[in-house]
Amino acid sequence: MAKETLSAEKDVYDNIRTVLVTARQKVYTAINFAMVEAYWEIGRQIEQAVGDRAEYGKKLLQYISEKLSIEFGKGFTVRNLQTMRQFYQVFPIPHTLCAELSWSHYRLLIRINNAPRREFYLQESELEQALIDKLQEFLLELGKGFSFVARQKRLTIEGDHYYIDLVFYNFILKCFIVIDLKTGKLNYQDIGQIDFYVRYFDDQIKLPEDNPTLGIVLCADKNETMAKYSVLSDKDNLLASKYMLYIPSEEELELEIERERILIEKKLEENTNG
């Protein structure tokens, strides 16, 4: 009877936990999209005010940048305001914006001048977001101390924004885990970027009693699925072994991403053709 009671209590807890995780995920998605819509509106207003008056545009952007920076802090440099204007120019119809995509994704998309190619990468970004959804669920369901911290975590350094796909804290290992997902081929820049995120967390965010941050970069390319851990070589053998006890292996992560990628790509293809 005691075992049955414990099992029933665990079921209730699991159900409540699912509700909270789902709600938190919706909140982060809503906040991210609210900022995307805000940046689009800023771009629209700048475009309407400036038009083809280049010299006036320079003065206006400098004025807006100075005023916004005083009231709202960093993130409103002239370059960032120019990016918002370009965002509106590339996506002038607001209802075509995708709630699942973050500002970092749109910043990449607006650099692509060819419209069909941009649409192709837009479907790649939707794939990335769907994979992040599944990865988040997978890690939280492991039951190995993972606690969700943030999605599309923004780091602002000297006015430039960087976004980490997923951030967790493991209360068994007492460390942050930062995860970056790439749907293209993994390159040395991706490795360098995750190292940068790890070192930033170690310098600016983790507490003195926390263990060193662990970074994971995942590649979900159609021809290759990879998972790489960041700067484990910098840590002592005992700590590295402990990490491996509670963190999924590279093989486990690769299998999970590969399985989900195939399912999601099939669904996206069906939706496109249907």
# chains A, B, ... in the order shown; residues from 1 in each chain; ligands from 1
>>> select_by_dssp(residues="range 12-247 of chain A", states="strand (DSSP E or B)", output="NGL selection string")
:A and (146-157 or 160-170 or 175-182 or 214-221 or 224-230)
>>> write_last_selection(atoms="C-alpha atoms", output="PDB file, in the first residue's frame")
ATOM      1  CA  PHE A 146      18.147  19.433 -14.307  1.00  0.00           C
ATOM      2  CA  SER A 147      16.292  22.665 -13.585  1.00  0.00           C
ATOM      3  CA  PHE A 148      15.216  24.962 -16.421  1.00  0.00           C
ATOM      4  CA  VAL A 149      16.702  28.482 -16.268  1.00  0.00           C
ATOM      5  CA  ALA A 150      16.207  30.249 -19.591  1.00  0.00           C
ATOM      6  CA  ARG A 151      15.568  29.903 -23.288  1.00  0.00           C
ATOM      7  CA  GLN A 152      17.212  32.268 -25.765  1.00  0.00           C
ATOM      8  CA  LYS A 153      19.162  33.725 -22.838  1.00  0.00           C
ATOM      9  CA  ARG A 154      20.429  37.137 -23.913  1.00  0.00           C
ATOM     10  CA  LEU A 155      23.948  38.294 -23.149  1.00  0.00           C
ATOM     11  CA  THR A 156      24.671  41.958 -23.918  1.00  0.00           C
ATOM     12  CA  ILE A 157      28.306  42.899 -24.270  1.00  0.00           C
ATOM     13  CA  ASP A 160      25.990  43.592 -28.973  1.00  0.00           C
ATOM     14  CA  HIS A 161      23.460  40.866 -28.182  1.00  0.00           C
ATOM     15  CA  TYR A 162      24.183  37.141 -28.037  1.00  0.00           C
ATOM     16  CA  TYR A 163      21.534  34.485 -27.439  1.00  0.00           C
ATOM     17  CA  ILE A 164      22.076  31.084 -25.829  1.00  0.00           C
ATOM     18  CA  ASP A 165      19.482  28.528 -26.936  1.00  0.00           C
ATOM     19  CA  LEU A 166      19.006  26.809 -23.569  1.00  0.00           C
ATOM     20  CA  VAL A 167      20.328  27.295 -20.039  1.00  0.00           C
ATOM     21  CA  PHE A 168      19.845  24.792 -17.209  1.00  0.00           C
ATOM     22  CA  TYR A 169      21.113  24.504 -13.655  1.00  0.00           C
ATOM     23  CA  ASN A 170      21.885  21.063 -12.270  1.00  0.00           C
ATOM     24  CA  CYS A 175      26.623  24.011 -12.063  1.00  0.00           C
ATOM     25  CA  PHE A 176      25.084  25.788 -15.034  1.00  0.00           C
ATOM     26  CA  ILE A 177      24.720  23.971 -18.357  1.00  0.00           C
ATOM     27  CA  VAL A 178      24.558  26.144 -21.469  1.00  0.00           C
ATOM     28  CA  ILE A 179      23.447  24.565 -24.736  1.00  0.00           C
ATOM     29  CA  ASP A 180      23.683  25.848 -28.293  1.00  0.00           C
ATOM     30  CA  LEU A 181      22.019  24.057 -31.217  1.00  0.00           C
ATOM     31  CA  LYS A 182      23.177  24.363 -34.811  1.00  0.00           C
ATOM     32  CA  LEU A 214      29.458  23.087 -18.743  1.00  0.00           C
ATOM     33  CA  GLY A 215      28.790  23.925 -22.384  1.00  0.00           C
ATOM     34  CA  ILE A 216      27.215  21.619 -24.948  1.00  0.00           C
ATOM     35  CA  VAL A 217      27.070  22.414 -28.648  1.00  0.00           C
ATOM     36  CA  LEU A 218      24.834  20.219 -30.803  1.00  0.00           C
ATOM     37  CA  CYS A 219      24.851  19.843 -34.571  1.00  0.00           C
ATOM     38  CA  ALA A 220      21.693  18.624 -36.294  1.00  0.00           C
ATOM     39  CA  ASP A 221      22.874  18.816 -39.901  1.00  0.00           C
ATOM     40  CA  GLU A 224      25.693  14.668 -39.576  1.00  0.00           C
ATOM     41  CA  THR A 225      24.529  14.728 -35.974  1.00  0.00           C
ATOM     42  CA  MET A 226      27.118  15.643 -33.377  1.00  0.00           C
ATOM     43  CA  ALA A 227      27.340  16.606 -29.736  1.00  0.00           C
ATOM     44  CA  LYS A 228      30.424  18.224 -28.245  1.00  0.00           C
ATOM     45  CA  TYR A 229      31.151  19.244 -24.662  1.00  0.00           C
ATOM     46  CA  SER A 230      33.006  22.461 -24.024  1.00  0.00           C
TER      47      SER A 230
END
>>> select_by_dssp(residues="range 4-223 of chain A", states="alpha helix (DSSP H)", output="JSON, numbers by chain")
{"A": [4, 5, 6, 7, 8, 9, 10, 11, 12, 13, 14, 15, 16, 17, 18, 19, 20, 21, 22, 23, 24, 25, 26, 27, 28, 29, 30, 31, 32, 33, 34, 35, 36, 37, 38, 39, 40, 41, 42, 43, 44, 45, 46, 47, 48, 49, 50, 54, 55, 56, 57, 58, 59, 60, 61, 62, 63, 64, 65, 66, 67, 68, 69, 70, 71, 72, 78, 79, 80, 81, 82, 83, 84, 85, 86, 87, 88, 89, 90, 103, 104, 105, 106, 107, 108, 109, 115, 116, 117, 118, 119, 120, 121, 122, 123, 124, 125, 126, 127, 128, 129, 130, 131, 132, 133, 134, 135, 136, 137, 138, 139, 140, 188, 189, 190, 191, 192, 193, 194, 195, 196, 197, 198, 199, 200, 201, 202, 203, 204]}
>>> atom_distance(atom1="CA of Val50 in chain A", atom2="CA of Val36 in chain A")
21.1 Å
>>> residues_around(residues="Leu97 in chain A", least_positions_apart="6", cutoff="10 Å", atoms="only C-alpha atoms", output="ChimeraX atom specification")
/A:33,36-37,40,91,106
>>> atom_distance(atom1="CA of Leu81 in chain A", atom2="CA of Leu61 in chain A")
7.0 Å
>>> atom_distance(atom1="CA of Ser104 in chain A", atom2="CA of Glu258 in chain A")
23.9 Å
>>> residues_around(residues="Phe201 in chain A", least_positions_apart="4", cutoff="8 Å", atoms="only C-alpha atoms", output="ChimeraX atom specification")
/A:176,197,205-206,213
>>> residues_around(residues="range 45-47 of chain A", least_positions_apart="2", cutoff="8 Å", atoms="only C-alpha atoms", output="VMD selection string")
chain A and resid 41 to 43 49 to 51 85 88 to 89
>>> write_last_selection(atoms="N, CA and C atoms", output="compact mmCIF listing (two decimals), in the first residue's frame")
# COMPACT_ATOMS: atom_id res chain seq x y z
N GLU A 41 8.14 47.16 -34.84
CA GLU A 41 7.43 48.43 -34.79
C GLU A 41 8.41 49.61 -34.75
N ILE A 42 9.52 49.45 -34.03
CA ILE A 42 10.55 50.49 -34.03
C ILE A 42 11.10 50.69 -35.44
N GLY A 43 11.36 49.57 -36.12
CA GLY A 43 11.85 49.64 -37.50
C GLY A 43 10.85 50.31 -38.42
N ALA A 49 9.63 57.59 -40.87
CA ALA A 49 10.14 58.92 -40.58
C ALA A 49 11.28 59.32 -41.51
N VAL A 50 12.10 58.34 -41.91
CA VAL A 50 13.29 58.63 -42.69
C VAL A 50 13.05 58.59 -44.19
N GLY A 51 12.42 57.50 -44.65
CA GLY A 51 12.22 57.34 -46.08
C GLY A 51 13.55 57.29 -46.80
N ARG A 85 15.32 48.66 -38.51
CA ARG A 85 14.73 49.24 -39.73
C ARG A 85 14.81 48.23 -40.87
N TYR A 88 12.13 45.56 -40.57
CA TYR A 88 10.84 45.98 -41.11
C TYR A 88 10.84 45.94 -42.64
N GLN A 89 11.94 46.36 -43.25
CA GLN A 89 12.02 46.39 -44.71
C GLN A 89 11.91 44.99 -45.32
